[in-house]
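*Asks:* I have a structure I would like to understand better, so I am pasting it below and will then ask my questions one at a time.
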Amino acid sequence: KAGRQASGLLAVAQGLADDMAALGMDRAKITIHRTGLNADLFRPYDGAMCRDELGLPRDAPVLACVGALIPRKGQRFAIDAMPLLPEAILLLAGTGPDEAALKSQAERLGVADRVRFLGAVPHDRLPIVLNAADVFVLPTASEGLANAWVEALACGTPVVTTPIPGATELLTDPAWGAFAARDKLAIAIEVSQMLERRPPRETVAATVAGFSWKANAAALVDYWRGLAG
C-alpha cells in the first residue's frame with residue numbers, strides 16, 4: 001500500500017524492481033539506486049601484509065566468505081567444495097545459528113584445518129580479510145545487491161556467487177566474477193578457473209568505482225530534487 005502511494009521508489013537492483021512491480025507497485029516510479037560503500041576503506045591493500053596479519057601463508061589459495069552464518073548465505077556449499085580444492089584455505093567472517101553445524105561439517109569432511117571461522121569481524125577490518133583472499137565466494141540463495149559483493153570487488157577480489165538477478169547485473173565481465181550453482185563441483189570449478197586467471201586487483205576494483213558514498217549521496221540528492229520538482 002505504501003509503495004502504491006509513493007511518489008517515487010528506489011531499488012538496488014533490477015531484479016528487486018521487478019519483484020516490487022509484481023507486488024503491484026508502478027514500475028515507472030522505480031529508480032535503480034546502487035549500493036554505496038566507503039571507497040577510502042574498501043580498496044586494494046598489500047595482500048601479503050594482510051595475510052601476515054591474519055596468520056595466513058602467502059602462497060596458498062585463499063577464499064573468503066562474508067555473511068551471517070545462516071542457510072540462505074550457503075556457507076555449507078563452500079565447505080562442501082573444499083575437498084575439491086585441496087590447497088585452499090576458506091575464511092568465514094560472520095556469526096549465526098549455523099556455526100556449530102558448519103564446524104561439524106568441516107570436521108566430517110576432513111577440512112577443518114583449512115576452514116577458519118573468524119567470527120564477527122569489525123567493518124573496518126573487513127578489507128584486510130578481503131585483500132588477503134584470492135576469490136570471494138558467496139553461494140547465496142537470494143540477495144538484492146549484496147554489500148559483500150561490492151566490498152570484495154572494491155578490494156580487487158573477484159567474486160564467485162550464484163546467478164541471481166543482482167549478481168548477474170553486477171558481474172558482467174569474467175574478470176570480475178563468475179557464477180556457480182549451490183553445488184560443490186560447480187563452485188570448485190569456477191573457483192579453480194578464477195584462481196588460474198587471477199585478474200589484476202586494480203582491474204577488478206574498477207568495476208565498482210562509481211559505488212562510493214560520495215557518488216551514492218550525490219545521486220540520491222539529485223533524485224530527491226527531481227521528486228520535489
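In the C-alpha cells, the first chain shown is A, the next is B, and so on; residue numbers restart at 1 for each chain, and ligands run from 1 in the order shown.
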Write out as a ChimeraX atom specification which residues come within 10 Å of Asp18 in chain A when counting only C-alpha atoms, dropping same-chain ones fewer than 6 positions away.
*Replies:* /A:11,25,27,30,165
*Asks:* Any chance you can output those residues with all heavy atoms as a JSON list (two decimals), in the first residue's frame?
*Replies:*
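Dumped everything to selection_31.json:
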```json
[["chain", "number", "residue", "atom", "x", "y", "z"],
["A", 11, "ALA", "N", 15.22, 0.96, -5.75],
["A", 11, "ALA", "CA", 15.62, -0.45, -5.64],
["A", 11, "ALA", "C", 17.10, -0.52, -5.96],
["A", 11, "ALA", "O", 17.59, 0.22, -6.83],
["A", 11, "ALA", "CB", 14.82, -1.32, -6.60],
["A", 25, "MET", "N", 3.39, -2.44, -7.46],
["A", 25, "MET", "CA", 3.92, -1.08, -7.48],
["A", 25, "MET", "C", 4.18, -0.66, -8.93],
["A", 25, "MET", "O", 4.47, -1.49, -9.79],
["A", 25, "MET", "CB", 5.22, -1.00, -6.67],
["A", 25, "MET", "CG", 5.04, -1.42, -5.22],
["A", 25, "MET", "SD", 6.59, -1.39, -4.30],
["A", 25, "MET", "CE", 6.20, -2.62, -3.02],
["A", 27, "ARG", "N", 5.96, 0.26, -11.97],
["A", 27, "ARG", "CA", 7.36, 0.08, -12.40],
["A", 27, "ARG", "C", 7.98, 1.38, -12.88],
["A", 27, "ARG", "O", 9.19, 1.59, -12.72],
["A", 27, "ARG", "CB", 7.41, -0.97, -13.51],
["A", 27, "ARG", "CG", 8.83, -1.34, -13.96],
["A", 27, "ARG", "CD", 9.58, -2.00, -12.83],
["A", 27, "ARG", "NE", 10.94, -2.37, -13.21],
["A", 27, "ARG", "CZ", 11.97, -1.54, -13.23],
["A", 27, "ARG", "NH1", 11.79, -0.27, -12.89],
["A", 27, "ARG", "NH2", 13.18, -1.96, -13.58],
["A", 30, "ILE", "N", 9.87, 3.35, -10.19],
["A", 30, "ILE", "CA", 11.00, 2.72, -9.51],
["A", 30, "ILE", "C", 12.31, 3.10, -10.19],
["A", 30, "ILE", "O", 12.48, 2.88, -11.39],
["A", 30, "ILE", "CB", 10.85, 1.18, -9.48],
["A", 30, "ILE", "CG1", 9.51, 0.78, -8.83],
["A", 30, "ILE", "CG2", 12.01, 0.55, -8.71],
["A", 30, "ILE", "CD1", 9.20, -0.70, -8.93],
["A", 165, "PRO", "N", 19.54, -12.40, -9.86],
["A", 165, "PRO", "CA", 19.45, -11.14, -10.61],
["A", 165, "PRO", "C", 20.46, -10.07, -10.22],
["A", 165, "PRO", "O", 21.14, -9.53, -11.10],
["A", 165, "PRO", "CB", 18.01, -10.70, -10.35],
["A", 165, "PRO", "CG", 17.26, -11.98, -10.20],
["A", 165, "PRO", "CD", 18.19, -12.89, -9.48]]
```
*Asks:* Within 10 Å of range 225-229 of chain A, counting only C-alpha atoms, which residues qualify if same-chain residues fewer than 5 places away don't, as a list in words?
*Replies:*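 In the requested form, the answer reads Ser7, Gly8, Ala219 and Leu220 of chain A.
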*Asks:* Got a sec: who's within 12 Å of range 50-62 of chain A, counting only C-alpha atoms, leaving out chain neighbours fewer than 4 positions off, as an MDAnalysis selection string?
*Replies:* chainID A and resid 44:46 82 85:92 114:118 121 125:137 155 157:158 191:192 194:196 198
*Asks:* So how far away is CA of Ala215 in chain A from CA of Gln5 in chain A, in Å?
*Replies:*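 For CA of Gln5 in chain A relative to CA of Ala215 in chain A, the distance reads 28.1 Å.
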*Asks:* Taking the backbone alone, and naming residues the way the document does, which bits of range 64-207 of chain A are helix (DSSP H, G or I) by DSSP, as a ChimeraX atom specification?
*Replies:* /A:71-73,75-84,99-109,112-114,123-132,147-154,165-170,184-197,201-207
*Asks:* I'd like the contact shell of Met20 in chain A - 10 Å cut-off, only C-alpha atoms, skipping same-chain residues fewer than 2 positions apart - returned as a ChimeraX atom specification.
*Replies:* /A:3-4,9-11,14-18,22-27,30
*Asks:* For the residues in that selection, give me N, CA, C and O atoms as a PDB file, in the first residue's frame.
*Replies:*
```
ATOM      1  N   GLY A   3       3.909   1.502  -1.079  1.00  0.00           N
ATOM      2  CA  GLY A   3       4.575   1.604  -2.369  1.00  0.00           C
ATOM      3  C   GLY A   3       3.670   2.174  -3.443  1.00  0.00           C
ATOM      4  O   GLY A   3       4.113   2.968  -4.280  1.00  0.00           O
ATOM      5  N   ARG A   4       2.417   1.763  -3.427  1.00  0.00           N
ATOM      6  CA  ARG A   4       1.494   2.270  -4.445  1.00  0.00           C
ATOM      7  C   ARG A   4       1.195   3.748  -4.247  1.00  0.00           C
ATOM      8  O   ARG A   4       0.888   4.466  -5.203  1.00  0.00           O
ATOM      9  N   LEU A   9      10.115   5.429  -5.864  1.00  0.00           N
ATOM     10  CA  LEU A   9      10.598   4.237  -5.170  1.00  0.00           C
ATOM     11  C   LEU A   9      12.022   3.940  -5.624  1.00  0.00           C
ATOM     12  O   LEU A   9      12.383   4.211  -6.773  1.00  0.00           O
ATOM     13  N   LEU A  10      12.815   3.390  -4.734  1.00  0.00           N
ATOM     14  CA  LEU A  10      14.195   3.028  -5.050  1.00  0.00           C
ATOM     15  C   LEU A  10      14.390   1.525  -4.882  1.00  0.00           C
ATOM     16  O   LEU A  10      13.829   0.925  -3.973  1.00  0.00           O
ATOM     17  N   ALA A  11      15.216   0.957  -5.750  1.00  0.00           N
ATOM     18  CA  ALA A  11      15.624  -0.447  -5.636  1.00  0.00           C
ATOM     19  C   ALA A  11      17.101  -0.520  -5.965  1.00  0.00           C
ATOM     20  O   ALA A  11      17.591   0.220  -6.828  1.00  0.00           O
ATOM     21  N   GLN A  14      17.798  -4.397 -10.542  1.00  0.00           N
ATOM     22  CA  GLN A  14      16.664  -4.571 -11.445  1.00  0.00           C
ATOM     23  C   GLN A  14      15.772  -5.715 -10.981  1.00  0.00           C
ATOM     24  O   GLN A  14      14.542  -5.633 -11.088  1.00  0.00           O
ATOM     25  N   GLY A  15      16.384  -6.778 -10.469  1.00  0.00           N
ATOM     26  CA  GLY A  15      15.594  -7.909 -10.006  1.00  0.00           C
ATOM     27  C   GLY A  15      14.624  -7.523  -8.898  1.00  0.00           C
ATOM     28  O   GLY A  15      13.477  -7.979  -8.870  1.00  0.00           O
ATOM     29  N   LEU A  16      15.092  -6.673  -7.967  1.00  0.00           N
ATOM     30  CA  LEU A  16      14.204  -6.204  -6.900  1.00  0.00           C
ATOM     31  C   LEU A  16      13.112  -5.302  -7.460  1.00  0.00           C
ATOM     32  O   LEU A  16      11.964  -5.356  -7.009  1.00  0.00           O
ATOM     33  N   ALA A  17      13.479  -4.466  -8.424  1.00  0.00           N
ATOM     34  CA  ALA A  17      12.467  -3.601  -9.046  1.00  0.00           C
ATOM     35  C   ALA A  17      11.375  -4.442  -9.695  1.00  0.00           C
ATOM     36  O   ALA A  17      10.181  -4.125  -9.599  1.00  0.00           O
ATOM     37  N   ASP A  18      11.763  -5.520 -10.339  1.00  0.00           N
ATOM     38  CA  ASP A  18      10.776  -6.410 -10.966  1.00  0.00           C
ATOM     39  C   ASP A  18       9.888  -7.065  -9.902  1.00  0.00           C
ATOM     40  O   ASP A  18       8.670  -7.208 -10.092  1.00  0.00           O
ATOM     41  N   ALA A  22       5.872  -6.695  -9.438  1.00  0.00           N
ATOM     42  CA  ALA A  22       4.997  -7.870  -9.347  1.00  0.00           C
ATOM     43  C   ALA A  22       4.063  -7.785  -8.151  1.00  0.00           C
ATOM     44  O   ALA A  22       2.984  -8.397  -8.149  1.00  0.00           O
ATOM     45  N   LEU A  23       4.454  -7.018  -7.136  1.00  0.00           N
ATOM     46  CA  LEU A  23       3.598  -6.811  -5.961  1.00  0.00           C
ATOM     47  C   LEU A  23       2.557  -5.712  -6.188  1.00  0.00           C
ATOM     48  O   LEU A  23       1.751  -5.431  -5.307  1.00  0.00           O
ATOM     49  N   GLY A  24       2.588  -5.083  -7.357  1.00  0.00           N
ATOM     50  CA  GLY A  24       1.589  -4.079  -7.684  1.00  0.00           C
ATOM     51  C   GLY A  24       2.078  -2.650  -7.659  1.00  0.00           C
ATOM     52  O   GLY A  24       1.280  -1.714  -7.821  1.00  0.00           O
ATOM     53  N   MET A  25       3.388  -2.437  -7.461  1.00  0.00           N
ATOM     54  CA  MET A  25       3.922  -1.077  -7.485  1.00  0.00           C
ATOM     55  C   MET A  25       4.175  -0.657  -8.930  1.00  0.00           C
ATOM     56  O   MET A  25       4.468  -1.487  -9.786  1.00  0.00           O
ATOM     57  N   ASP A  26       4.069   0.628  -9.189  1.00  0.00           N
ATOM     58  CA  ASP A  26       4.205   1.166 -10.536  1.00  0.00           C
ATOM     59  C   ASP A  26       5.670   1.082 -10.961  1.00  0.00           C
ATOM     60  O   ASP A  26       6.521   1.779 -10.412  1.00  0.00           O
ATOM     61  N   ARG A  27       5.965   0.263 -11.969  1.00  0.00           N
ATOM     62  CA  ARG A  27       7.358   0.079 -12.399  1.00  0.00           C
ATOM     63  C   ARG A  27       7.979   1.381 -12.877  1.00  0.00           C
ATOM     64  O   ARG A  27       9.186   1.595 -12.725  1.00  0.00           O
ATOM     65  N   ILE A  30       9.874   3.350 -10.195  1.00  0.00           N
ATOM     66  CA  ILE A  30      11.001   2.716  -9.506  1.00  0.00           C
ATOM     67  C   ILE A  30      12.310   3.098 -10.189  1.00  0.00           C
ATOM     68  O   ILE A  30      12.483   2.882 -11.395  1.00  0.00           O
TER      69      ILE A  30
END
```
*Asks:* Excluding Gly119 in chain A and any residue of its chain fewer than 3 positions from it, enumerate the residues within 7 Å of it, using only C-alpha atoms, and give them as a list of chain:residue names.
*Replies:*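 Non-adjacent residues within range: A:Ala93, A:Gly94, A:Thr95.
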*Asks:* Those same residues - C-alpha atoms - I'd like them written as a CSV table (one decimal), in the first residue's frame.
*Replies:*
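Saved as out_38.csv:
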```
chain,number,residue,atom,x,y,z
A,93,ALA,CA,33.6,-14.0,8.5
A,94,GLY,CA,30.3,-13.8,10.4
A,95,THR,CA,28.3,-15.4,13.1
```
*Asks:* Asp80 in chain A: which residues within 9 Å, counting only C-alpha atoms, same-chain residues fewer than 4 positions away excluded, as a PDB file with all heavy atoms, in the first residue's frame?
*Replies:*
```
ATOM      1  N   GLN A  75      27.029 -21.010   3.197  1.00  0.00           N
ATOM      2  CA  GLN A  75      28.431 -21.369   3.500  1.00  0.00           C
ATOM      3  C   GLN A  75      28.672 -22.867   3.427  1.00  0.00           C
ATOM      4  O   GLN A  75      29.783 -23.307   3.119  1.00  0.00           O
ATOM      5  CB  GLN A  75      28.827 -20.843   4.883  1.00  0.00           C
ATOM      6  CG  GLN A  75      28.973 -19.338   4.995  1.00  0.00           C
ATOM      7  CD  GLN A  75      27.694 -18.653   5.430  1.00  0.00           C
ATOM      8  OE1 GLN A  75      26.609 -19.248   5.393  1.00  0.00           O
ATOM      9  NE2 GLN A  75      27.794 -17.401   5.858  1.00  0.00           N
ATOM     10  N   ARG A  76      27.644 -23.667   3.676  1.00  0.00           N
ATOM     11  CA  ARG A  76      27.841 -25.123   3.659  1.00  0.00           C
ATOM     12  C   ARG A  76      28.243 -25.618   2.279  1.00  0.00           C
ATOM     13  O   ARG A  76      28.970 -26.605   2.153  1.00  0.00           O
ATOM     14  CB  ARG A  76      26.577 -25.845   4.150  1.00  0.00           C
ATOM     15  CG  ARG A  76      25.366 -25.755   3.245  1.00  0.00           C
ATOM     16  CD  ARG A  76      24.160 -26.399   3.919  1.00  0.00           C
ATOM     17  NE  ARG A  76      22.961 -26.337   3.107  1.00  0.00           N
ATOM     18  CZ  ARG A  76      22.583 -27.296   2.254  1.00  0.00           C
ATOM     19  NH1 ARG A  76      23.332 -28.372   2.107  1.00  0.00           N
ATOM     20  NH2 ARG A  76      21.477 -27.183   1.556  1.00  0.00           N
ATOM     21  N   LEU A  84      37.588 -30.592  -2.886  1.00  0.00           N
ATOM     22  CA  LEU A  84      37.935 -30.500  -4.303  1.00  0.00           C
ATOM     23  C   LEU A  84      38.942 -29.379  -4.565  1.00  0.00           C
ATOM     24  O   LEU A  84      39.389 -29.206  -5.707  1.00  0.00           O
ATOM     25  CB  LEU A  84      36.669 -30.262  -5.137  1.00  0.00           C
ATOM     26  CG  LEU A  84      35.566 -31.315  -4.975  1.00  0.00           C
ATOM     27  CD1 LEU A  84      34.328 -30.913  -5.759  1.00  0.00           C
ATOM     28  CD2 LEU A  84      36.065 -32.682  -5.401  1.00  0.00           C
ATOM     29  N   GLN A 105      30.485 -29.983   9.939  1.00  0.00           N
ATOM     30  CA  GLN A 105      30.622 -30.363   8.535  1.00  0.00           C
ATOM     31  C   GLN A 105      32.091 -30.338   8.108  1.00  0.00           C
ATOM     32  O   GLN A 105      32.568 -31.271   7.443  1.00  0.00           O
ATOM     33  CB  GLN A 105      29.815 -29.402   7.659  1.00  0.00           C
ATOM     34  CG  GLN A 105      29.937 -29.673   6.171  1.00  0.00           C
ATOM     35  CD  GLN A 105      29.314 -28.573   5.330  1.00  0.00           C
ATOM     36  OE1 GLN A 105      28.885 -27.546   5.849  1.00  0.00           O
ATOM     37  NE2 GLN A 105      29.269 -28.761   4.031  1.00  0.00           N
ATOM     38  N   ALA A 106      32.810 -29.280   8.484  1.00  0.00           N
ATOM     39  CA  ALA A 106      34.231 -29.177   8.132  1.00  0.00           C
ATOM     40  C   ALA A 106      35.029 -30.332   8.741  1.00  0.00           C
ATOM     41  O   ALA A 106      35.910 -30.907   8.091  1.00  0.00           O
ATOM     42  CB  ALA A 106      34.782 -27.834   8.583  1.00  0.00           C
ATOM     43  N   LEU A 109      34.270 -33.608   6.834  1.00  0.00           N
ATOM     44  CA  LEU A 109      34.886 -33.657   5.510  1.00  0.00           C
ATOM     45  C   LEU A 109      36.408 -33.657   5.571  1.00  0.00           C
ATOM     46  O   LEU A 109      37.079 -33.762   4.534  1.00  0.00           O
ATOM     47  CB  LEU A 109      34.406 -32.470   4.668  1.00  0.00           C
ATOM     48  CG  LEU A 109      32.923 -32.458   4.290  1.00  0.00           C
ATOM     49  CD1 LEU A 109      32.569 -31.160   3.571  1.00  0.00           C
ATOM     50  CD2 LEU A 109      32.564 -33.659   3.419  1.00  0.00           C
ATOM     51  N   ASP A 183      26.368 -25.949  -5.543  1.00  0.00           N
ATOM     52  CA  ASP A 183      26.819 -27.321  -5.770  1.00  0.00           C
ATOM     53  C   ASP A 183      28.336 -27.338  -5.644  1.00  0.00           C
ATOM     54  O   ASP A 183      29.028 -26.470  -6.199  1.00  0.00           O
ATOM     55  CB  ASP A 183      26.389 -27.761  -7.175  1.00  0.00           C
ATOM     56  CG  ASP A 183      27.038 -29.062  -7.596  1.00  0.00           C
ATOM     57  OD1 ASP A 183      26.558 -30.118  -7.170  1.00  0.00           O
ATOM     58  OD2 ASP A 183      28.049 -29.004  -8.331  1.00  0.00           O
ATOM     59  N   LYS A 184      28.865 -28.320  -4.932  1.00  0.00           N
ATOM     60  CA  LYS A 184      30.291 -28.327  -4.637  1.00  0.00           C
ATOM     61  C   LYS A 184      31.161 -28.372  -5.880  1.00  0.00           C
ATOM     62  O   LYS A 184      32.187 -27.681  -5.966  1.00  0.00           O
ATOM     63  CB  LYS A 184      30.632 -29.490  -3.700  1.00  0.00           C
ATOM     64  CG  LYS A 184      30.349 -30.873  -4.281  1.00  0.00           C
ATOM     65  CD  LYS A 184      30.657 -31.954  -3.252  1.00  0.00           C
ATOM     66  CE  LYS A 184      30.375 -33.351  -3.803  1.00  0.00           C
ATOM     67  NZ  LYS A 184      30.639 -34.390  -2.778  1.00  0.00           N
ATOM     68  N   LEU A 185      30.765 -29.185  -6.868  1.00  0.00           N
ATOM     69  CA  LEU A 185      31.580 -29.307  -8.074  1.00  0.00           C
ATOM     70  C   LEU A 185      31.561 -28.002  -8.871  1.00  0.00           C
ATOM     71  O   LEU A 185      32.605 -27.532  -9.340  1.00  0.00           O
ATOM     72  CB  LEU A 185      31.091 -30.465  -8.932  1.00  0.00           C
ATOM     73  CG  LEU A 185      31.871 -30.708 -10.237  1.00  0.00           C
ATOM     74  CD1 LEU A 185      33.349 -30.949  -9.945  1.00  0.00           C
ATOM     75  CD2 LEU A 185      31.265 -31.875 -11.004  1.00  0.00           C
TER      76      LEU A 185
END
```
*Asks:* From a DSSP pass on the backbone, collect the residues of range 130-208 of chain A flagged as strand (DSSP E or B) and hand them back as an mmCIF file with all heavy atoms, in the first residue's frame.
*Replies:*
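Saved file selection-v9.cif follows:
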```
data_model
loop_
_atom_site.group_PDB
_atom_site.id
_atom_site.type_symbol
_atom_site.label_atom_id
_atom_site.label_comp_id
_atom_site.auth_asym_id
_atom_site.auth_seq_id
_atom_site.Cartn_x
_atom_site.Cartn_y
_atom_site.Cartn_z
ATOM 1 N N VAL A 135 39.844 -15.087 -3.964
ATOM 2 C CA VAL A 135 38.484 -15.164 -4.509
ATOM 3 C C VAL A 135 37.493 -15.010 -3.364
ATOM 4 O O VAL A 135 37.695 -15.566 -2.274
ATOM 5 C CB VAL A 135 38.225 -16.517 -5.228
ATOM 6 C CG1 VAL A 135 36.820 -16.550 -5.831
ATOM 7 C CG2 VAL A 135 39.269 -16.772 -6.314
ATOM 8 N N PHE A 136 36.426 -14.258 -3.607
ATOM 9 C CA PHE A 136 35.324 -14.144 -2.660
ATOM 10 C C PHE A 136 34.232 -15.104 -3.108
ATOM 11 O O PHE A 136 33.831 -15.101 -4.273
ATOM 12 C CB PHE A 136 34.788 -12.708 -2.648
ATOM 13 C CG PHE A 136 33.648 -12.495 -1.703
ATOM 14 C CD1 PHE A 136 33.889 -12.252 -0.364
ATOM 15 C CD2 PHE A 136 32.342 -12.550 -2.144
ATOM 16 C CE1 PHE A 136 32.838 -12.057 0.532
ATOM 17 C CE2 PHE A 136 31.283 -12.361 -1.271
ATOM 18 C CZ PHE A 136 31.535 -12.120 0.071
ATOM 19 N N VAL A 137 33.751 -15.927 -2.190
ATOM 20 C CA VAL A 137 32.755 -16.951 -2.515
ATOM 21 C C VAL A 137 31.503 -16.737 -1.668
ATOM 22 O O VAL A 137 31.582 -16.662 -0.438
ATOM 23 C CB VAL A 137 33.314 -18.370 -2.244
ATOM 24 C CG1 VAL A 137 32.305 -19.427 -2.651
ATOM 25 C CG2 VAL A 137 34.618 -18.587 -2.992
ATOM 26 N N LEU A 138 30.352 -16.646 -2.319
ATOM 27 C CA LEU A 138 29.090 -16.496 -1.590
ATOM 28 C C LEU A 138 27.993 -17.286 -2.316
ATOM 29 O O LEU A 138 27.348 -16.764 -3.220
ATOM 30 C CB LEU A 138 28.691 -15.020 -1.471
ATOM 31 C CG LEU A 138 27.486 -14.728 -0.580
ATOM 32 C CD1 LEU A 138 27.801 -15.039 0.880
ATOM 33 C CD2 LEU A 138 27.031 -13.282 -0.715
ATOM 34 N N VAL A 159 34.643 -12.325 -7.554
ATOM 35 C CA VAL A 159 33.545 -12.968 -6.833
ATOM 36 C C VAL A 159 33.056 -14.212 -7.572
ATOM 37 O O VAL A 159 32.900 -14.195 -8.795
ATOM 38 C CB VAL A 159 32.376 -11.968 -6.672
ATOM 39 C CG1 VAL A 159 31.141 -12.646 -6.108
ATOM 40 C CG2 VAL A 159 32.796 -10.787 -5.794
ATOM 41 N N VAL A 160 32.819 -15.273 -6.818
ATOM 42 C CA VAL A 160 32.076 -16.429 -7.326
ATOM 43 C C VAL A 160 30.808 -16.531 -6.499
ATOM 44 O O VAL A 160 30.857 -16.680 -5.279
ATOM 45 C CB VAL A 160 32.902 -17.732 -7.219
ATOM 46 C CG1 VAL A 160 32.026 -18.939 -7.567
ATOM 47 C CG2 VAL A 160 34.109 -17.678 -8.152
ATOM 48 N N THR A 161 29.686 -16.426 -7.161
ATOM 49 C CA THR A 161 28.402 -16.440 -6.452
ATOM 50 C C THR A 161 27.351 -17.087 -7.343
ATOM 51 O O THR A 161 27.644 -17.538 -8.451
ATOM 52 C CB THR A 161 28.001 -15.010 -6.037
ATOM 53 O OG1 THR A 161 26.887 -15.056 -5.126
ATOM 54 C CG2 THR A 161 27.624 -14.154 -7.228
ATOM 55 N N GLY A 177 34.000 -11.681 -11.947
ATOM 56 C CA GLY A 177 33.346 -12.736 -11.198
ATOM 57 C C GLY A 177 32.790 -13.814 -12.091
ATOM 58 O O GLY A 177 32.811 -13.720 -13.324
ATOM 59 N N ALA A 178 32.303 -14.856 -11.446
ATOM 60 C CA ALA A 178 31.738 -15.997 -12.160
ATOM 61 C C ALA A 178 30.570 -16.548 -11.356
ATOM 62 O O ALA A 178 30.422 -16.247 -10.161
ATOM 63 C CB ALA A 178 32.806 -17.072 -12.357
ATOM 64 N N PHE A 179 29.765 -17.361 -12.013
ATOM 65 C CA PHE A 179 28.551 -17.874 -11.390
ATOM 66 C C PHE A 179 28.611 -19.387 -11.254
ATOM 67 O O PHE A 179 29.100 -20.094 -12.136
ATOM 68 C CB PHE A 179 27.330 -17.472 -12.221
ATOM 69 C CG PHE A 179 27.223 -15.997 -12.427
ATOM 70 C CD1 PHE A 179 27.482 -15.430 -13.663
ATOM 71 C CD2 PHE A 179 26.908 -15.156 -11.364
ATOM 72 C CE1 PHE A 179 27.411 -14.066 -13.849
ATOM 73 C CE2 PHE A 179 26.835 -13.792 -11.538
ATOM 74 C CZ PHE A 179 27.084 -13.244 -12.782
#
```
*Asks:* Distance CA of Val66 in chain A-CA of Ser104 in chain A, one decimal place?
*Replies:*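 Distance between the two atoms: 19.2 Å.
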